[in-house]
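Here's run_22.pdb, which has PDB, C-alpha atoms and all ligand atoms:
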```pdb
ATOM      1  CA  MET A 242      -4.809 -20.400  12.987
ATOM      2  CA  ALA A 243      -6.644 -17.362  14.381
ATOM      3  CA  ASP A 244      -4.225 -14.524  14.804
ATOM      4  CA  ASN A 245      -5.351 -10.935  15.051
ATOM      5  CA  THR A 246      -1.925  -9.525  14.195
ATOM      6  CA  ALA A 247      -2.722 -10.293  10.570
ATOM      7  CA  GLY A 248      -5.558  -7.779  11.063
ATOM      8  CA  PHE A 249      -3.046  -4.941  10.833
ATOM      9  CA  TRP A 250      -3.047  -5.551   7.101
ATOM     10  CA  GLU A 251      -5.940  -3.678   5.513
ATOM     11  CA  THR A 252      -5.008  -5.303   2.194
ATOM     12  CA  PRO A 253      -3.208  -8.678   2.284
ATOM     13  CA  ALA A 254       0.513  -8.356   1.575
ATOM     14  CA  ALA A 255       0.311 -10.921  -1.236
ATOM     15  CA  LYS A 256      -2.208  -8.695  -2.985
ATOM     16  CA  VAL A 257      -0.851  -5.221  -2.365
ATOM     17  CA  LEU A 258       2.791  -6.119  -3.081
ATOM     18  CA  ARG A 259       2.324  -8.257  -6.167
ATOM     19  CA  PHE A 260       3.946  -6.754  -9.241
ATOM     20  CA  ARG A 261       1.329  -5.598 -11.711
ATOM     21  CA  PRO A 262       2.089  -5.167 -15.436
ATOM     22  CA  GLY A 263       2.907  -1.538 -16.120
ATOM     23  CA  MET A 264       4.043  -0.823 -12.574
ATOM     24  CA  GLN A 265       7.066   1.506 -12.584
ATOM     25  CA  ILE A 266       9.619   1.126  -9.831
ATOM     26  CA  ALA A 267      10.689   4.737 -10.422
ATOM     27  CA  ASP A 268       7.341   5.686  -8.839
ATOM     28  CA  LEU A 269       7.733   3.389  -5.835
ATOM     29  CA  ASP A 270       7.777   5.114  -2.435
ATOM     30  CA  ARG A 271      10.618   3.237  -0.802
ATOM     31  CA  ARG A 272       9.699   4.520   2.657
ATOM     32  CA  GLY A 273       6.130   3.386   2.099
ATOM     33  CA  THR A 274       4.311   0.756   4.169
ATOM     34  CA  PRO A 275       1.549  -0.284   1.748
ATOM     35  CA  GLY A 276      -1.272  -2.346   3.167
ATOM     36  CA  PHE A 277      -0.159  -2.067   6.792
ATOM     37  CA  VAL A 278      -2.108   0.174   9.148
ATOM     38  CA  GLY A 279       0.279   0.272  12.112
ATOM     39  CA  GLY A 280       3.684   1.822  12.713
ATOM     40  CA  LYS A 281       7.005   0.459  13.948
ATOM     41  CA  THR A 282       5.692  -0.553  17.377
ATOM     42  CA  GLU A 283       2.903  -2.650  15.923
ATOM     43  CA  GLY A 284       5.230  -3.903  13.181
ATOM     44  CA  THR A 285       7.744  -5.209  15.687
ATOM     45  CA  ARG A 286       5.026  -7.044  17.575
ATOM     46  CA  VAL A 287       3.526  -8.447  14.391
ATOM     47  CA  LEU A 288       6.928  -9.721  13.242
ATOM     48  CA  HIS A 289       7.312 -11.647  16.463
ATOM     49  CA  GLU A 290       3.804 -13.095  16.518
ATOM     50  CA  ARG A 291       3.705 -13.987  12.836
ATOM     51  CA  GLY A 292       7.151 -15.520  13.208
ATOM     52  CA  ALA A 293       5.563 -18.150  15.451
ATOM     53  CA  VAL A 294       2.913 -18.863  12.792
ATOM     54  CA  LEU A 295       5.594 -19.149  10.115
ATOM     55  CA  SER A 296       7.604 -21.491  12.274
ATOM     56  CA  SER A 297       4.675 -23.816  12.823
ATOM     57  CA  LEU A 298       3.800 -23.913   9.104
ATOM     58  CA  GLN A 299       7.388 -24.619   8.198
ATOM     59  CA  GLU A 300       7.570 -27.422  10.732
ATOM     60  CA  LYS A 301       4.529 -28.999   9.075
ATOM     61  CA  LEU A 302       6.238 -28.815   5.669
ATOM     62  CA  HIS A 303       9.367 -30.349   7.148
ATOM     63  CA  ALA A 304       7.359 -33.134   8.799
ATOM     64  CA  ASN A 305       5.691 -33.919   5.476
ATOM     65  CA  GLY A 306       9.063 -33.897   3.759
ATOM     66  CA  ARG A 307      10.286 -36.519   6.219
ATOM     67  CA  SER A 308       7.284 -38.604   5.163
ATOM     68  CA  GLY A 309       8.197 -38.408   1.479
ATOM     69  CA  ASP A 310       6.329 -35.255   0.354
ATOM     70  CA  ASN A 311       8.582 -33.550  -2.202
ATOM     71  CA  ARG A 312       7.055 -30.075  -1.957
ATOM     72  CA  SER A 313       9.228 -27.151  -0.952
ATOM     73  CA  VAL A 314       9.092 -23.361  -0.697
ATOM     74  CA  LEU A 315      11.818 -21.169  -2.155
ATOM     75  CA  LEU A 316      12.251 -17.560  -1.078
ATOM     76  CA  VAL A 317      14.268 -15.548  -3.603
ATOM     77  CA  LEU A 318      15.649 -12.294  -2.183
ATOM     78  CA  GLN A 319      16.935  -9.914  -4.793
ATOM     79  CA  GLY A 320      17.968  -6.347  -4.037
ATOM     80  CA  MET A 321      20.731  -3.754  -4.211
ATOM     81  CA  ASP A 322      23.471  -3.615  -1.562
ATOM     82  CA  THR A 323      22.111  -2.508   1.833
ATOM     83  CA  ALA A 324      18.518  -3.398   0.883
ATOM     84  CA  GLY A 325      18.495  -5.657   3.941
ATOM     85  CA  LYS A 326      18.772  -9.186   2.585
ATOM     86  CA  GLY A 327      20.961 -10.404   5.432
ATOM     87  CA  GLY A 328      18.691  -8.848   8.061
ATOM     88  CA  MET A 329      15.714 -10.487   6.376
ATOM     89  CA  VAL A 330      17.311 -13.868   6.819
ATOM     90  CA  ARG A 331      18.161 -13.197  10.487
ATOM     91  CA  HIS A 332      14.882 -11.608  11.511
ATOM     92  CA  VAL A 333      12.318 -13.504   9.420
ATOM     93  CA  ILE A 334      13.891 -16.862   8.631
ATOM     94  CA  GLY A 335      15.451 -16.751  12.109
ATOM     95  CA  HIS A 336      12.045 -17.725  13.510
ATOM     96  CA  VAL A 337      12.190 -21.066  11.758
ATOM     97  CA  ASP A 338      13.971 -24.245  12.870
ATOM     98  CA  PRO A 339      17.325 -24.097  11.023
ATOM     99  CA  GLN A 340      17.225 -27.783  10.130
ATOM    100  CA  GLY A 341      14.254 -27.050   7.869
ATOM    101  CA  VAL A 342      16.064 -24.263   6.004
ATOM    102  CA  ASP A 343      18.410 -24.532   2.999
ATOM    103  CA  HIS A 344      20.082 -21.130   2.776
ATOM    104  CA  VAL A 345      22.392 -20.162  -0.079
ATOM    105  CA  ALA A 346      24.072 -16.821  -0.827
ATOM    106  CA  PHE A 347      25.205 -16.304  -4.407
ATOM    107  CA  GLY A 348      28.351 -14.258  -4.982
ATOM    108  CA  VAL A 349      30.567 -13.714  -7.995
ATOM    109  CA  PRO A 350      30.635 -17.078  -9.819
ATOM    110  CA  THR A 351      33.684 -19.252  -9.189
ATOM    111  CA  GLU A 352      35.873 -20.373 -12.092
ATOM    112  CA  GLU A 353      34.057 -23.696 -12.106
ATOM    113  CA  GLU A 354      30.632 -22.025 -12.095
ATOM    114  CA  LYS A 355      31.672 -19.768 -14.955
ATOM    115  CA  ARG A 356      32.357 -22.825 -17.089
ATOM    116  CA  HIS A 357      28.724 -23.931 -16.742
ATOM    117  CA  HIS A 358      25.352 -22.599 -17.817
ATOM    118  CA  PHE A 359      24.207 -19.796 -15.480
ATOM    119  CA  LEU A 360      21.431 -21.974 -14.013
ATOM    120  CA  TRP A 361      23.849 -24.770 -13.085
ATOM    121  CA  ARG A 362      24.791 -23.474  -9.649
ATOM    122  CA  VAL A 363      21.179 -22.543  -8.923
ATOM    123  CA  THR A 364      19.885 -25.997  -9.805
ATOM    124  CA  LYS A 365      22.405 -27.540  -7.408
ATOM    125  CA  ALA A 366      21.202 -25.260  -4.624
ATOM    126  CA  LEU A 367      17.457 -25.919  -4.894
ATOM    127  CA  PRO A 368      15.695 -26.908  -1.663
ATOM    128  CA  ARG A 369      15.003 -30.564  -1.012
ATOM    129  CA  GLY A 370      11.435 -31.742  -0.403
ATOM    130  CA  GLY A 371      10.143 -30.446   2.932
ATOM    131  CA  GLN A 372      12.625 -27.582   3.051
ATOM    132  CA  LEU A 373      12.328 -23.824   2.993
ATOM    133  CA  GLY A 374      15.003 -22.656   0.576
ATOM    134  CA  VAL A 375      16.376 -19.142   0.812
ATOM    135  CA  PHE A 376      18.364 -17.536  -2.003
ATOM    136  CA  ASP A 377      20.268 -14.421  -0.951
ATOM    137  CA  ARG A 378      20.777 -13.123  -4.503
ATOM    138  CA  SER A 379      19.981 -15.623  -7.219
ATOM    139  CA  HIS A 380      19.902 -16.467 -10.913
ATOM    140  CA  TYR A 381      18.537 -12.949 -11.396
ATOM    141  CA  GLU A 382      22.059 -11.559 -10.952
ATOM    142  CA  ASP A 383      22.584 -12.944 -14.440
ATOM    143  CA  VAL A 384      20.187 -10.339 -15.844
ATOM    144  CA  LEU A 385      21.144  -7.580 -13.341
ATOM    145  CA  VAL A 386      24.851  -7.149 -12.555
ATOM    146  CA  VAL A 387      25.695  -9.056 -15.725
ATOM    147  CA  ARG A 388      23.560  -6.713 -17.830
ATOM    148  CA  VAL A 389      24.755  -3.524 -16.118
ATOM    149  CA  HIS A 390      28.431  -4.470 -16.446
ATOM    150  CA  ASP A 391      28.199  -6.065 -19.900
ATOM    151  CA  LEU A 392      29.691  -9.265 -18.525
ATOM    152  CA  VAL A 393      28.270 -11.203 -21.463
ATOM    153  CA  PRO A 394      27.000  -9.898 -24.827
ATOM    154  CA  GLU A 395      23.460  -8.472 -24.892
ATOM    155  CA  SER A 396      22.387 -11.278 -27.231
ATOM    156  CA  VAL A 397      23.172 -13.698 -24.375
ATOM    157  CA  TRP A 398      21.590 -11.960 -21.368
ATOM    158  CA  CYS A 399      18.566 -11.041 -23.467
ATOM    159  CA  GLY A 400      17.649 -14.703 -23.887
ATOM    160  CA  ARG A 401      17.946 -15.396 -20.174
ATOM    161  CA  TYR A 402      14.555 -13.941 -19.246
ATOM    162  CA  ASP A 403      12.803 -16.667 -21.236
ATOM    163  CA  GLU A 404      15.188 -19.295 -19.907
ATOM    164  CA  ILE A 405      14.410 -18.225 -16.352
ATOM    165  CA  ASN A 406      10.664 -18.304 -16.968
ATOM    166  CA  GLN A 407      10.932 -21.805 -18.380
ATOM    167  CA  PHE A 408      13.171 -22.945 -15.500
ATOM    168  CA  GLU A 409      10.781 -21.565 -12.888
ATOM    169  CA  ARG A 410       7.731 -23.059 -14.620
ATOM    170  CA  GLU A 411       9.342 -26.484 -14.350
ATOM    171  CA  LEU A 412      10.270 -25.836 -10.746
ATOM    172  CA  VAL A 413       6.726 -24.946  -9.821
ATOM    173  CA  GLY A 414       5.479 -27.954 -11.788
ATOM    174  CA  THR A 415       7.615 -30.264  -9.676
ATOM    175  CA  GLY A 416       6.341 -28.961  -6.344
ATOM    176  CA  THR A 417       8.339 -25.855  -5.444
ATOM    177  CA  THR A 418       6.395 -22.746  -4.466
ATOM    178  CA  LEU A 419       8.429 -19.681  -5.397
ATOM    179  CA  VAL A 420       8.236 -16.470  -3.383
ATOM    180  CA  LYS A 421      10.230 -13.890  -5.332
ATOM    181  CA  VAL A 422      10.870 -10.683  -3.460
ATOM    182  CA  ALA A 423      12.411  -7.632  -5.132
ATOM    183  CA  MET A 424      13.689  -5.396  -2.337
ATOM    184  CA  PHE A 425      13.937  -1.683  -3.045
ATOM    185  CA  VAL A 426      15.916   0.767  -0.952
ATOM    186  CA  SER A 427      16.223   4.460  -1.935
ATOM    187  CA  LEU A 428      19.513   6.011  -3.016
ATOM    188  CA  ASP A 429      19.494   8.267   0.089
ATOM    189  CA  GLU A 430      18.764   5.447   2.499
ATOM    190  CA  GLN A 431      21.503   3.377   0.880
ATOM    191  CA  LYS A 432      23.926   6.229   1.497
ATOM    192  CA  SER A 433      23.055   6.465   5.167
ATOM    193  CA  ARG A 434      23.370   2.673   5.591
ATOM    194  CA  LEU A 435      26.801   2.763   3.955
ATOM    195  CA  GLN A 436      27.772   5.706   6.178
ATOM    196  CA  GLU A 437      26.808   3.686   9.227
ATOM    197  CA  ARG A 438      29.093   0.900   8.041
ATOM    198  CA  LEU A 439      31.966   3.382   7.953
ATOM    199  CA  GLU A 440      31.227   4.762  11.398
ATOM    200  CA  ARG A 441      30.668   1.597  13.415
ATOM    201  CA  PRO A 442      33.522  -0.853  14.006
ATOM    202  CA  ASP A 443      30.976  -3.672  14.263
ATOM    203  CA  LYS A 444      29.875  -2.855  10.708
ATOM    204  CA  TYR A 445      33.227  -2.357   8.958
ATOM    205  CA  TRP A 446      33.130  -5.979   7.853
ATOM    206  CA  LYS A 447      30.014  -5.262   5.841
ATOM    207  CA  TYR A 448      31.558  -2.337   3.993
ATOM    208  CA  ASN A 449      32.779  -2.973   0.485
ATOM    209  CA  PRO A 450      34.365  -0.030  -1.381
ATOM    210  CA  GLY A 451      32.871  -1.482  -4.559
ATOM    211  CA  ASP A 452      29.400  -0.608  -3.265
ATOM    212  CA  VAL A 453      30.167   3.099  -3.697
ATOM    213  CA  THR A 454      31.341   2.464  -7.258
ATOM    214  CA  GLU A 455      28.067   0.653  -7.939
ATOM    215  CA  ARG A 456      26.073   3.692  -6.732
ATOM    216  CA  LYS A 457      27.232   5.546  -9.850
ATOM    217  CA  LEU A 458      25.447   2.877 -11.875
ATOM    218  CA  TRP A 459      22.177   3.323  -9.978
ATOM    219  CA  PRO A 460      20.069   4.324 -13.037
ATOM    220  CA  ALA A 461      21.334   1.348 -15.046
ATOM    221  CA  TYR A 462      20.503  -0.969 -12.151
ATOM    222  CA  GLN A 463      17.007   0.497 -11.842
ATOM    223  CA  ASP A 464      16.456  -0.149 -15.559
ATOM    224  CA  ALA A 465      17.702  -3.697 -15.163
ATOM    225  CA  TYR A 466      15.372  -4.295 -12.206
ATOM    226  CA  GLN A 467      12.442  -2.853 -14.151
ATOM    227  CA  ALA A 468      13.157  -5.176 -17.082
ATOM    228  CA  MET A 469      13.479  -8.131 -14.719
ATOM    229  CA  LEU A 470      10.053  -7.425 -13.234
ATOM    230  CA  ASP A 471       8.443  -6.748 -16.612
ATOM    231  CA  LYS A 472       9.776  -9.942 -18.174
ATOM    232  CA  THR A 473       9.817 -12.515 -15.381
ATOM    233  CA  SER A 474       6.747 -11.872 -13.246
ATOM    234  CA  THR A 475       4.566 -14.777 -14.326
ATOM    235  CA  ASP A 476       1.420 -16.431 -13.007
ATOM    236  CA  ASP A 477       3.543 -19.408 -11.948
ATOM    237  CA  ALA A 478       6.123 -17.280 -10.190
ATOM    238  CA  PRO A 479       5.061 -13.662  -9.642
ATOM    239  CA  TRP A 480       7.346 -10.996  -8.215
ATOM    240  CA  TYR A 481       6.507  -9.119  -5.042
ATOM    241  CA  VAL A 482       7.846  -5.580  -4.788
ATOM    242  CA  VAL A 483       8.831  -4.562  -1.273
ATOM    243  CA  SER A 484       9.849  -1.077  -0.089
ATOM    244  CA  CYS A 485      12.820  -1.457   2.209
ATOM    245  CA  ASP A 486      13.719   1.943   3.671
ATOM    246  CA  ARG A 487      11.867   0.904   6.817
ATOM    247  CA  LYS A 488      13.368  -2.411   7.809
ATOM    248  CA  TRP A 489      10.559  -3.318  10.187
ATOM    249  CA  TYR A 490       8.080  -3.035   7.309
ATOM    250  CA  SER A 491      10.049  -5.061   4.792
ATOM    251  CA  ARG A 492      10.436  -7.828   7.350
ATOM    252  CA  ILE A 493       6.757  -8.138   8.221
ATOM    253  CA  ALA A 494       5.930  -7.946   4.522
ATOM    254  CA  VAL A 495       8.154 -10.895   3.685
ATOM    255  CA  SER A 496       6.988 -12.951   6.657
ATOM    256  CA  GLU A 497       3.405 -12.388   5.485
ATOM    257  CA  LEU A 498       4.291 -13.406   1.907
ATOM    258  CA  LEU A 499       5.855 -16.598   3.194
ATOM    259  CA  ILE A 500       2.868 -17.400   5.392
ATOM    260  CA  HIS A 501       0.608 -16.875   2.373
ATOM    261  CA  ALA A 502       2.730 -19.319   0.343
ATOM    262  CA  PHE A 503       2.718 -21.948   3.088
ATOM    263  CA  GLU A 504      -1.024 -21.624   3.628
ATOM    264  CA  GLY A 505      -1.530 -22.228  -0.084
ATOM    265  CA  LEU A 506      -0.023 -25.696   0.399
ATOM    266  CA  ARG A 507      -2.867 -26.649   2.799
ATOM    267  CA  LEU A 508      -0.524 -28.733   4.885
ATOM    268  CA  GLU A 509      -1.721 -31.294   7.422
ATOM    269  CA  TRP A 510       0.410 -33.136   9.947
ATOM    270  CA  PRO A 511       1.464 -36.456   8.397
ATOM    271  CA  PRO A 512      -0.413 -39.460   9.798
ATOM    272  CA  ALA A 513       1.409 -41.973  12.008
ATOM    273  CA  ASP A 514       2.987 -44.811  10.013
ATOM    274  CA  PHE A 515       2.745 -47.128  13.021
ATOM    275  CA  ASP A 516      -0.101 -48.469  15.109
ATOM    276  CA  ILE A 517      -0.626 -45.899  17.869
ATOM    277  CA  ASP A 518      -2.355 -48.198  20.372
ATOM    278  CA  THR A 519       0.275 -50.881  19.942
ATOM    279  CA  GLU A 520       3.037 -48.363  20.489
ATOM    280  CA  LYS A 521       1.340 -46.903  23.582
ATOM    281  CA  ARG A 522       1.100 -50.374  25.025
ATOM    282  CA  ARG A 523       4.689 -51.237  24.204
ATOM    283  CA  LEU A 524       5.871 -47.986  25.768
ATOM    284  CA  ALA A 525       3.840 -48.569  28.926
ATOM    285  CA  GLU A 526       5.335 -52.027  29.247
ATOM    286  CA  SER A 527       8.887 -50.879  28.681
TER     287      SER A 527
HETATM  288  P1  LIG D   1      26.673  -9.225  -0.431
HETATM  289  O1  LIG D   1      27.119  -8.005  -1.174
HETATM  290  O2  LIG D   1      25.312  -9.682  -0.843
HETATM  291  O3  LIG D   1      26.852  -9.114   1.030
HETATM  292  P2  LIG D   1      29.019 -10.466  -1.499
HETATM  293  O4  LIG D   1      29.922  -9.479  -0.875
HETATM  294  O5  LIG D   1      29.416 -11.910  -1.583
HETATM  295  O6  LIG D   1      27.581 -10.448  -0.844
HETATM  296  O7  LIG D   1      28.706  -9.911  -2.962
HETATM  297  C1  LIG D   1      28.093 -10.614  -3.882
HETATM  298  C2  LIG D   1      28.517 -10.011  -5.210
HETATM  299  O8  LIG D   1      28.451 -11.012  -6.191
HETATM  300  C3  LIG D   1      27.611  -8.878  -5.651
HETATM  301  O9  LIG D   1      28.356  -7.772  -6.035
HETATM  302  C4  LIG D   1      26.902  -9.478  -6.849
HETATM  303  O10 LIG D   1      26.538  -8.537  -7.815
HETATM  304  C5  LIG D   1      27.921 -10.456  -7.351
HETATM  305  N1  LIG D   1      27.326 -11.512  -8.169
HETATM  306  C6  LIG D   1      26.380 -12.390  -7.802
HETATM  307  N2  LIG D   1      26.032 -13.179  -8.836
HETATM  308  C7  LIG D   1      26.782 -12.797  -9.876
HETATM  309  C8  LIG D   1      26.875 -13.213 -11.224
HETATM  310  N3  LIG D   1      26.128 -14.211 -11.696
HETATM  311  N4  LIG D   1      27.783 -12.594 -12.012
HETATM  312  C9  LIG D   1      28.554 -11.610 -11.530
HETATM  313  N5  LIG D   1      28.488 -11.146 -10.274
HETATM  314  C10 LIG D   1      27.624 -11.722  -9.455
END
```
Re-express the file's structure as structure tokens.
Amino acid sequence: MADNTAGFWETPAAKVLRFRPGMQIADLDRRGTPGFVGGKTEGTRVLHERGAVLSSLQEKLHANGRSGDNRSVLLVLQGMDTAGKGGMVRHVIGHVDPQGVDHVAFGVPTEEEKRHHFLWRVTKALPRGGQLGVFDRSHYEDVLVVRVHDLVPESVWCGRYDEINQFERELVGTGTTLVKVAMFVSLDEQKSRLQERLERPDKYWKYNPGDVTERKLWPAYQDAYQAMLDKTSTDDAPWYVVSCDRKWYSRIAVSELLIHAFEGLRLEWPPADFDIDTEKRRLAES
């Protein structure tokens, strides 16, 4: 579909944001807008216009799913508190017909989940054929918060990187396109977002005192994120690194990454499984 809003990208998002071996997140400008030539005004317009493109592509996937195609797309959103995961779901996925979306948010594992392998709850939540799955947090918590807080011995979390790579390879092999987005907010921007939650009654519900405790562990989290990117960005399932201090940018970046993934599926509308002329005649006569 011709759409000149994509022209605001001087380098395609899927290229400029893809994690490259050796890339250091300590050097990442979290207020940056890599690849995009416009500012907030253009970004807001682009988000809207590309949202319509995303919606149409997703509808095609859904239509194919209804006809037995088992392919799916899974967006994995992983980021620190206040990075904007919830807003991403509202403002990017919000463009898409909800019946085509399987959204799951992963919190602290329940007692039942704790009794199982860490991939158990993730496997249960995978998108069905034809669906756009969205993971707000994911199996990567098991090498992030779990690593930072020593929730299991190092010998256990250490082996999880390989387990995840194997799991994702199989997922891709059975028709799921993974779009893994690591969302990075700066320590200062996180502080101002938390402050806002303390100042606005409509945001109190988002405030969790534990988030301030976690800020003290910022360096350990950054190390854990770096290790995650170094060890689990594969050809099958690469990571994309998105700067999130400017929400408008992170949102257009993710919508572009999703569009890229959908376009890679080269979807067509499924053919009619009935005789069109016969049905036209029957309808006319009814
Ligand atoms: P959010 O903070 O994303 O709005 P919640 O308030 O439900 O959502 O918080 C989710 C919490 O669950 C986070 O602190 C996260 O680190 C934690 N969590 C998610 N997965 C795991 C896991 N596998 N082990 C321990 N904690 C986890």
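For ligand LIG 1 (chain D), the protein and nucleic acid residues at most 8 Å away, judged by only C-alpha atoms and all ligand atoms, amount to A:Asp322, A:Lys326, A:Gly327, A:Ala346, A:Phe347, A:Gly348, A:Val349, A:Pro350, A:Phe359, A:Asp377, A:Arg378, A:Ser379, A:His380, A:Tyr381, A:Glu382, A:Asp383, A:Leu385, A:Val386, A:Val387, A:Leu392, A:Lys447, A:Asn449, A:Gly451, A:Asp452.
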Applying the PyMOL selection byres (((chain A and resi 310) around 12) and not hetatm) to the file I just gave you, which residues come out? Please list them as a list in words.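 The output of the PyMOL selection byres (((chain A and resi 310) around 12) and not hetatm) on this file is Lys301, Leu302, His303, Ala304, Asn305, Gly306, Arg307, Ser308, Gly309, Asn311, Arg312, Ser313, Arg369, Gly370, Gly371, Gln372, Thr415, Gly416, Thr417, Leu506, Leu508, Glu509, Trp510 and Pro511 of chain A.
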How would you write, as number ranges by chain, the residues chosen by the PyMOL selection byres (((chain A and resi 405) around 10) and not hetatm) on this structure? A: 359-360, 380-381, 383-384, 400-404, 406-411, 472-473
Against region 266-276 of chain A, which residues of region 399-501 of chain A fall within 12 Å? For each one I want the closest pair of atoms and the distance in Å (one decimal), counting all atoms listed in the file, rows by chain and increasing residue number, as a tab-separated table.
```
residue	atom	partner	partner_atom	distance
A:Ala423	CA	A:Ile266	CA	10.3
A:Met424	CA	A:Arg271	CA	9.3
A:Phe425	CA	A:Arg271	CA	6.3
A:Val426	CA	A:Arg271	CA	5.8
A:Ser427	CA	A:Arg271	CA	5.8
A:Leu428	CA	A:Arg271	CA	9.6
A:Asp429	CA	A:Arg271	CA	10.2
A:Glu430	CA	A:Arg271	CA	9.1
A:Gln431	CA	A:Arg271	CA	11.0
A:Trp459	CA	A:Ala267	CA	11.6
A:Pro460	CA	A:Ala267	CA	9.7
A:Tyr462	CA	A:Ile266	CA	11.3
A:Gln463	CA	A:Ile266	CA	7.7
A:Asp464	CA	A:Ile266	CA	9.0
A:Ala465	CA	A:Ile266	CA	10.8
A:Tyr466	CA	A:Ile266	CA	8.3
A:Gln467	CA	A:Ile266	CA	6.5
A:Ala468	CA	A:Ile266	CA	10.2
A:Met469	CA	A:Ile266	CA	11.2
A:Leu470	CA	A:Ile266	CA	9.2
A:Asp471	CA	A:Ile266	CA	10.5
A:Tyr481	CA	A:Ile266	CA	11.7
A:Val482	CA	A:Ile266	CA	8.6
A:Val483	CA	A:Arg271	CA	8.0
A:Ser484	CA	A:Arg271	CA	4.4
A:Cys485	CA	A:Arg271	CA	6.0
A:Asp486	CA	A:Arg272	CA	4.9
A:Arg487	CA	A:Arg272	CA	5.9
A:Lys488	CA	A:Arg272	CA	9.4
A:Trp489	CA	A:Thr274	CA	9.6
A:Tyr490	CA	A:Thr274	CA	6.2
A:Ser491	CA	A:Thr274	CA	8.2
A:Arg492	CA	A:Thr274	CA	11.0
A:Ile493	CA	A:Thr274	CA	10.1
A:Ala494	CA	A:Thr274	CA	8.9
A:Glu497	CA	A:Gly276	CA	11.3
```
Would you save the residues from that selection as a PDB file, in the coordinates of the input, using C-alpha atoms?
```pdb
ATOM      1  CA  ALA A 423      12.411  -7.632  -5.132  1.00  0.00           C
ATOM      2  CA  MET A 424      13.689  -5.396  -2.337  1.00  0.00           C
ATOM      3  CA  PHE A 425      13.937  -1.683  -3.045  1.00  0.00           C
ATOM      4  CA  VAL A 426      15.916   0.767  -0.952  1.00  0.00           C
ATOM      5  CA  SER A 427      16.223   4.460  -1.935  1.00  0.00           C
ATOM      6  CA  LEU A 428      19.513   6.011  -3.016  1.00  0.00           C
ATOM      7  CA  ASP A 429      19.494   8.267   0.089  1.00  0.00           C
ATOM      8  CA  GLU A 430      18.764   5.447   2.499  1.00  0.00           C
ATOM      9  CA  GLN A 431      21.503   3.377   0.880  1.00  0.00           C
ATOM     10  CA  TRP A 459      22.177   3.323  -9.978  1.00  0.00           C
ATOM     11  CA  PRO A 460      20.069   4.324 -13.037  1.00  0.00           C
ATOM     12  CA  TYR A 462      20.503  -0.969 -12.151  1.00  0.00           C
ATOM     13  CA  GLN A 463      17.007   0.497 -11.842  1.00  0.00           C
ATOM     14  CA  ASP A 464      16.456  -0.149 -15.559  1.00  0.00           C
ATOM     15  CA  ALA A 465      17.702  -3.697 -15.163  1.00  0.00           C
ATOM     16  CA  TYR A 466      15.372  -4.295 -12.206  1.00  0.00           C
ATOM     17  CA  GLN A 467      12.442  -2.853 -14.151  1.00  0.00           C
ATOM     18  CA  ALA A 468      13.157  -5.176 -17.082  1.00  0.00           C
ATOM     19  CA  MET A 469      13.479  -8.131 -14.719  1.00  0.00           C
ATOM     20  CA  LEU A 470      10.053  -7.425 -13.234  1.00  0.00           C
ATOM     21  CA  ASP A 471       8.443  -6.748 -16.612  1.00  0.00           C
ATOM     22  CA  TYR A 481       6.507  -9.119  -5.042  1.00  0.00           C
ATOM     23  CA  VAL A 482       7.846  -5.580  -4.788  1.00  0.00           C
ATOM     24  CA  VAL A 483       8.831  -4.562  -1.273  1.00  0.00           C
ATOM     25  CA  SER A 484       9.849  -1.077  -0.089  1.00  0.00           C
ATOM     26  CA  CYS A 485      12.820  -1.457   2.209  1.00  0.00           C
ATOM     27  CA  ASP A 486      13.719   1.943   3.671  1.00  0.00           C
ATOM     28  CA  ARG A 487      11.867   0.904   6.817  1.00  0.00           C
ATOM     29  CA  LYS A 488      13.368  -2.411   7.809  1.00  0.00           C
ATOM     30  CA  TRP A 489      10.559  -3.318  10.187  1.00  0.00           C
ATOM     31  CA  TYR A 490       8.080  -3.035   7.309  1.00  0.00           C
ATOM     32  CA  SER A 491      10.049  -5.061   4.792  1.00  0.00           C
ATOM     33  CA  ARG A 492      10.436  -7.828   7.350  1.00  0.00           C
ATOM     34  CA  ILE A 493       6.757  -8.138   8.221  1.00  0.00           C
ATOM     35  CA  ALA A 494       5.930  -7.946   4.522  1.00  0.00           C
ATOM     36  CA  GLU A 497       3.405 -12.388   5.485  1.00  0.00           C
TER      37      GLU A 497
END
```
From the options A:Pro394, A:Pro479, A:Gly248, A:Gly505, which residue's atoms come nearest to Arg291 (chain A), counting only C-alpha atoms? A:Gly248
For the point (15.1, -21.5, -0.5) in file coordinates, what residues are within 6 Å, counting all atoms listed in the file? Give the answer as a ChimeraX atom specification? /A:315-316,343-344,368,373-376
Which of these, A:Thr282, A:Phe249, A:Thr323, A:Val330, has the shortest distance to Glu437 (chain A) once you count all atoms listed in the file? A:Thr323
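A straight line drawn from CA of Arg356 (chain A) to CA of Leu412 (chain A) is 23.2 Å long.
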CA of Asp443 (chain A) and CA of Leu458 (chain A) are how many Å apart?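 If I compute the distance from CA of Asp443 (chain A) to CA of Leu458 (chain A), I get 27.5 Å.
The spacing separating CA of Phe515 (chain A) from CA of Asp338 (chain A) amounts to 25.5 Å.
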